[in-house]
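> Handing you this structure, nothing more for now.
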Number of protein chains: 2
Amino acid sequence: MTDAQALIGTIDHAVLAPDATRCDILSACSLARELHVAGVCVHPRWVPTVAAALDGSGVATGSVAGFPLGATTTEAKCLEAMQAFESGAAEVDMVMAVTTLKSGDYDEVLLDIAAVVQVARDSDVDGALVKVILEMCYLTPDEKRLAAEIAVQAGVDFVKTSTGLGPHGATVEDVALLREIAPDGVGVKAAGGIRSLEQMRAMLDAGASRIGTSSTATIAAELGIDV
Amino acid sequence: MTDAQALIGTIDHAVLAPDATRCDILSACSLARELHVAGVCVHPRWVPTVAAALDGSGVATGSVAGFPLGATTTEAKCLEAMQAFESGAAEVDMVMAVTTLKSGDYDEVLLDIAAVVQVARDSDVDGALVKVILEMCYLTPDEKRLAAEIAVQAGVDFVKTSTGLGPHGATVEDVALLREIAPDGVGVKAAGGIRSLEQMRAMLDAGASRIGTSSTATIAAELGIDV
């Protein structure tokens, strides 16, 4: 595997624009198949479409839960995850209950994440993954550390910096912090505002193992891959 | 009732900031009780808290479903509405499936809204209301008209311009369009970017019957009401 292929293989190609159409979604799936990215991340309504379009490609279908604010109920997040796994998704990026964390209800934050992790473990999907988005742009330094520790305790597969819809996305410092806190076996996903190869390399150097971006075509071009 | 009271009584006081805390939510409820606004609109996780804080006040507890992108499944939106009504909400502001409309799947948009309306009708809440947020900032003029017609056909109680989290909020033109399309008995809610009495009056003059704002204290002060 070339360096370029290894880099592209860390990308979750995100198609989360509020006004994305079926055509946008299908184009993204074509690009994802061609480039062999890690996954395509879409809103719940598009999971069956994406799972069909990616069938047999080795590219994972990913969905979101409680996205992008994390302020839905635990039951709603679980239903979203359950439906996603039943409809062909292998990975769900859930948003932590930011408002609950900021209110000091840490046990509730833990239970919220753990419930979605349990949905993945109970699903029929081999290797179903749950990533928890901490939306670190809203958190103080102490809250960032605490949120990551809670997520790890809840049993997530990845801790993720950002939704991409907040005031800012991933920072190198936040990625390094997550890498420091997450034990071996728990990945770090950097997302939000990553639009170039240089930014992507900085995130990987800081400890990210997965990159969420909608600028996949741009990054592939920078790597000299024609798409 | 004074003119000031009548105006304040059209307000749904929104507390939808992604990082709002329990303290912010409870302060909002105190303000809402004091001013006798129409309702307080919060994220699903806060509905029980708000329903308890507003108990006996005559101020409605409101929640959201599929907020703010509208791209969750119909089942998830229905669960959110059901839980809200069971937890003390009287009103649910759901977001239309914008991506689905923009993909031309109009029947699916209709079914998505109608399902949430049915949840309200099946609930034990007398006078349960469903407002559908069209998030008009993403729609073409033709789509705006079509979306409003579909919402009316689906049986909603209110058509609403915006979530307040999109590129722009309510415009006078959009409110007038909704008022033109909505029959008697279907209200129009203007929301997003309404931060002054002048803006609020412009929306009411254009045909809005409900105003969503988080600037309630500012507007009350402009009306000469001490809070």
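Labels used: A, B, ... for chains in the order of the structure tokens, numbers from 1 for residues in each chain, and numbers from 1 for ligands as shown.
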Just the residues within 9 Å of segment 122-139 of chain A, please, counting only C-alpha atoms, with nothing from its chain fewer than 2 positions along; format it as JSON, numbers by chain.

{"A": [68, 69, 70, 81, 82, 85, 86, 88, 89, 90, 91, 92, 93, 94, 95, 96, 97, 98, 102, 113, 116, 117, 118, 119, 120, 141, 142, 143, 144, 147, 148, 151, 155, 156, 157, 158, 159, 160, 161, 162, 163, 164, 166, 167, 168, 169, 170, 174, 187, 188, 189], "B": [18, 19]}

> Among chain B, which ones does DSSP assign to alpha helix (DSSP H) (computed from the backbone)? Answer as number ranges by chain.

B: 3-8, 22-35, 47-54, 74-86, 98-102, 106-122, 141-153, 172-181, 197-205, 216-222

> Residues within 7 Å of Gly212 of chain B, please, as a CSV table (one decimal) with all heavy atoms, in the first residue's frame. Count only C-alpha atoms; anything in the same chain fewer than 5 positions from it doesn't count.


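The resulting file, selection-v3.csv, is shown below:
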```csv
chain,number,residue,atom,x,y,z
B,11,ILE,N,-44.9,35.0,22.0
B,11,ILE,CA,-43.5,34.5,22.0
B,11,ILE,C,-43.4,33.1,22.5
B,11,ILE,O,-43.9,32.8,23.6
B,11,ILE,CB,-42.6,35.5,22.8
B,11,ILE,CG1,-42.5,36.8,22.1
B,11,ILE,CG2,-41.3,34.9,23.1
B,11,ILE,CD1,-41.6,37.8,22.9
B,12,ASP,N,-42.7,32.3,21.7
B,12,ASP,CA,-42.1,31.1,22.1
B,12,ASP,C,-40.7,31.4,22.5
B,12,ASP,O,-39.8,31.7,21.6
B,12,ASP,CB,-42.1,30.0,21.0
B,12,ASP,CG,-43.4,29.3,20.9
B,12,ASP,OD1,-44.3,29.5,21.7
B,12,ASP,OD2,-43.5,28.5,19.9
B,13,HIS,N,-40.4,31.4,23.8
B,13,HIS,CA,-39.0,31.7,24.3
B,13,HIS,C,-38.1,30.5,24.0
B,13,HIS,O,-38.4,29.4,24.6
B,13,HIS,CB,-39.1,32.1,25.7
B,13,HIS,CG,-37.8,32.5,26.3
B,13,HIS,ND1,-37.0,33.5,25.7
B,13,HIS,CD2,-37.1,32.1,27.4
B,13,HIS,CE1,-35.9,33.6,26.4
B,13,HIS,NE2,-35.9,32.8,27.5
B,14,ALA,N,-37.2,30.7,23.2
B,14,ALA,CA,-36.3,29.5,22.8
B,14,ALA,C,-35.0,29.5,23.6
B,14,ALA,O,-34.4,30.5,23.8
B,14,ALA,CB,-36.0,29.7,21.3
B,189,LYS,N,-45.4,30.6,12.3
B,189,LYS,CA,-44.4,31.0,13.3
B,189,LYS,C,-43.1,31.5,12.6
B,189,LYS,O,-42.6,30.8,11.8
B,189,LYS,CB,-44.1,29.8,14.2
B,189,LYS,CG,-43.0,30.1,15.3
B,189,LYS,CD,-42.9,29.0,16.3
B,189,LYS,CE,-41.7,29.2,17.2
B,189,LYS,NZ,-41.5,28.1,18.2
B,190,ALA,N,-42.7,32.7,13.0
B,190,ALA,CA,-41.5,33.3,12.5
B,190,ALA,C,-40.4,33.1,13.6
B,190,ALA,O,-40.6,33.4,14.7
B,190,ALA,CB,-41.7,34.8,12.2
B,191,ALA,N,-39.3,32.6,13.1
B,191,ALA,CA,-38.2,32.3,14.1
B,191,ALA,C,-36.8,32.5,13.4
B,191,ALA,O,-36.7,32.3,12.2
B,191,ALA,CB,-38.3,30.9,14.7
B,192,GLY,N,-35.8,32.8,14.2
B,192,GLY,CA,-34.5,32.9,13.7
B,192,GLY,C,-34.1,34.4,13.4
B,192,GLY,O,-34.7,35.0,12.6
```

> Would you tabulate, counting only C-alpha atoms, all residues of chain B that have an atom at most 9 Å from an atom of chain A, showing the closest pair of atoms and their distance in Å to one decimal, sorted by chain then ascending number, as CSV?


```
residue,atom,partner,partner_atom,distance
B:Ala17,CA,A:Thr99,CA,8.7
B:Pro18,CA,A:Leu69,CA,5.7
B:Asp19,CA,A:Thr99,CA,5.0
B:Ala20,CA,A:Thr99,CA,5.6
B:Thr21,CA,A:Ser103,CA,4.9
B:Arg22,CA,A:Ser103,CA,5.5
B:Cys23,CA,A:Ser103,CA,7.5
B:His43,CA,A:Ala71,CA,5.8
B:Pro44,CA,A:Thr72,CA,5.0
B:Arg45,CA,A:Thr73,CA,5.1
B:Trp46,CA,A:Ala71,CA,8.2
B:Val64,CA,A:Thr72,CA,8.9
B:Ala65,CA,A:Thr72,CA,8.4
B:Gly66,CA,A:Thr72,CA,8.9
B:Phe67,CA,A:Leu69,CA,8.4
B:Pro68,CA,A:Pro68,CA,7.9
B:Leu69,CA,A:Pro18,CA,5.6
B:Gly70,CA,A:Pro18,CA,7.9
B:Ala71,CA,A:Arg45,CA,5.7
B:Thr72,CA,A:Pro44,CA,5.0
B:Thr73,CA,A:Arg45,CA,5.2
B:Thr74,CA,A:Arg45,CA,8.3
B:Glu75,CA,A:Leu79,CA,8.2
B:Ala76,CA,A:Ala76,CA,6.0
B:Lys77,CA,A:Ala76,CA,8.3
B:Leu79,CA,A:Ala76,CA,6.6
B:Glu80,CA,A:Ala76,CA,6.4
B:Gln83,CA,A:Thr73,CA,8.6
B:Ala97,CA,A:Arg45,CA,8.6
B:Val98,CA,A:Asp19,CA,6.1
B:Thr99,CA,A:Asp19,CA,5.0
B:Thr100,CA,A:Thr21,CA,7.0
B:Leu101,CA,A:Thr21,CA,8.4
B:Lys102,CA,A:Thr21,CA,5.8
B:Ser103,CA,A:Thr21,CA,4.9
B:Gly104,CA,A:Thr21,CA,8.7
B:Tyr138,CA,A:Asp19,CA,6.4
B:Leu139,CA,A:Asp19,CA,8.5
B:Gly166,CA,A:Pro18,CA,8.9
```

> Going by DSSP on the backbone, which residues of segment 183-223 of chain B come out as strand (DSSP E)? List them as an MDAnalysis selection string.

chainID B and resid 187:191 210:213

> Restricting the output to N, CA, C and O atoms, write the selected residues as a compact mmCIF listing (two decimals), in the first residue's frame.


```txt
# COMPACT_ATOMS: atom_id res chain seq x y z
N GLY B 187 -51.44 28.29 11.93
CA GLY B 187 -50.66 29.46 12.31
C GLY B 187 -49.34 29.53 11.56
O GLY B 187 -48.90 28.57 10.93
N VAL B 188 -48.74 30.71 11.64
CA VAL B 188 -47.42 30.92 11.05
C VAL B 188 -46.48 31.35 12.18
O VAL B 188 -46.77 32.30 12.91
N LYS B 189 -45.37 30.63 12.31
CA LYS B 189 -44.39 30.99 13.33
C LYS B 189 -43.12 31.49 12.64
O LYS B 189 -42.55 30.81 11.79
N ALA B 190 -42.73 32.71 13.01
CA ALA B 190 -41.49 33.30 12.50
C ALA B 190 -40.41 33.08 13.55
O ALA B 190 -40.63 33.36 14.73
N ALA B 191 -39.27 32.59 13.14
CA ALA B 191 -38.18 32.33 14.09
C ALA B 191 -36.84 32.47 13.41
O ALA B 191 -36.73 32.31 12.19
N ARG B 210 -47.06 33.53 15.80
CA ARG B 210 -46.18 33.12 16.90
C ARG B 210 -44.76 33.54 16.51
O ARG B 210 -44.40 33.48 15.33
N ILE B 211 -44.00 33.96 17.52
CA ILE B 211 -42.64 34.43 17.31
C ILE B 211 -41.68 33.57 18.14
O ILE B 211 -41.85 33.46 19.35
N GLY B 212 -40.72 32.97 17.49
CA GLY B 212 -39.68 32.25 18.22
C GLY B 212 -38.47 33.14 18.39
O GLY B 212 -37.96 33.67 17.40
N THR B 213 -38.04 33.32 19.62
CA THR B 213 -36.88 34.19 19.87
C THR B 213 -36.22 33.80 21.19
O THR B 213 -36.89 33.30 22.10
```

> To one decimal place, how far is atom CA of Ala53 of chain B from atom CA of Ile225 of chain B in Å?

21.9 Å

> So how far away is atom CA of Ala38 of chain A from atom CA of Arg201 of chain A, in Å?

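According to the coordinates, atom CA of Arg201 of chain A and atom CA of Ala38 of chain A are separated by 16.2 Å.
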
> Of the residues B:Ala60, B:Gln5, B:Ala115, B:Ala206, which is the one nearest to Arg179 of chain B, using only C-alpha atoms?

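Under the stated criterion, the closest residue is B:Ala206.
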
> Any idea what's packed within 10 Å of segment 29-37 of chain A, counting only C-alpha atoms, ignoring anything in its chain fewer than 5 positions away? Could you give it as a PyMOL selection string?

chain A and resi 5-13+15+23-24+49-61+216-217+220+225-227
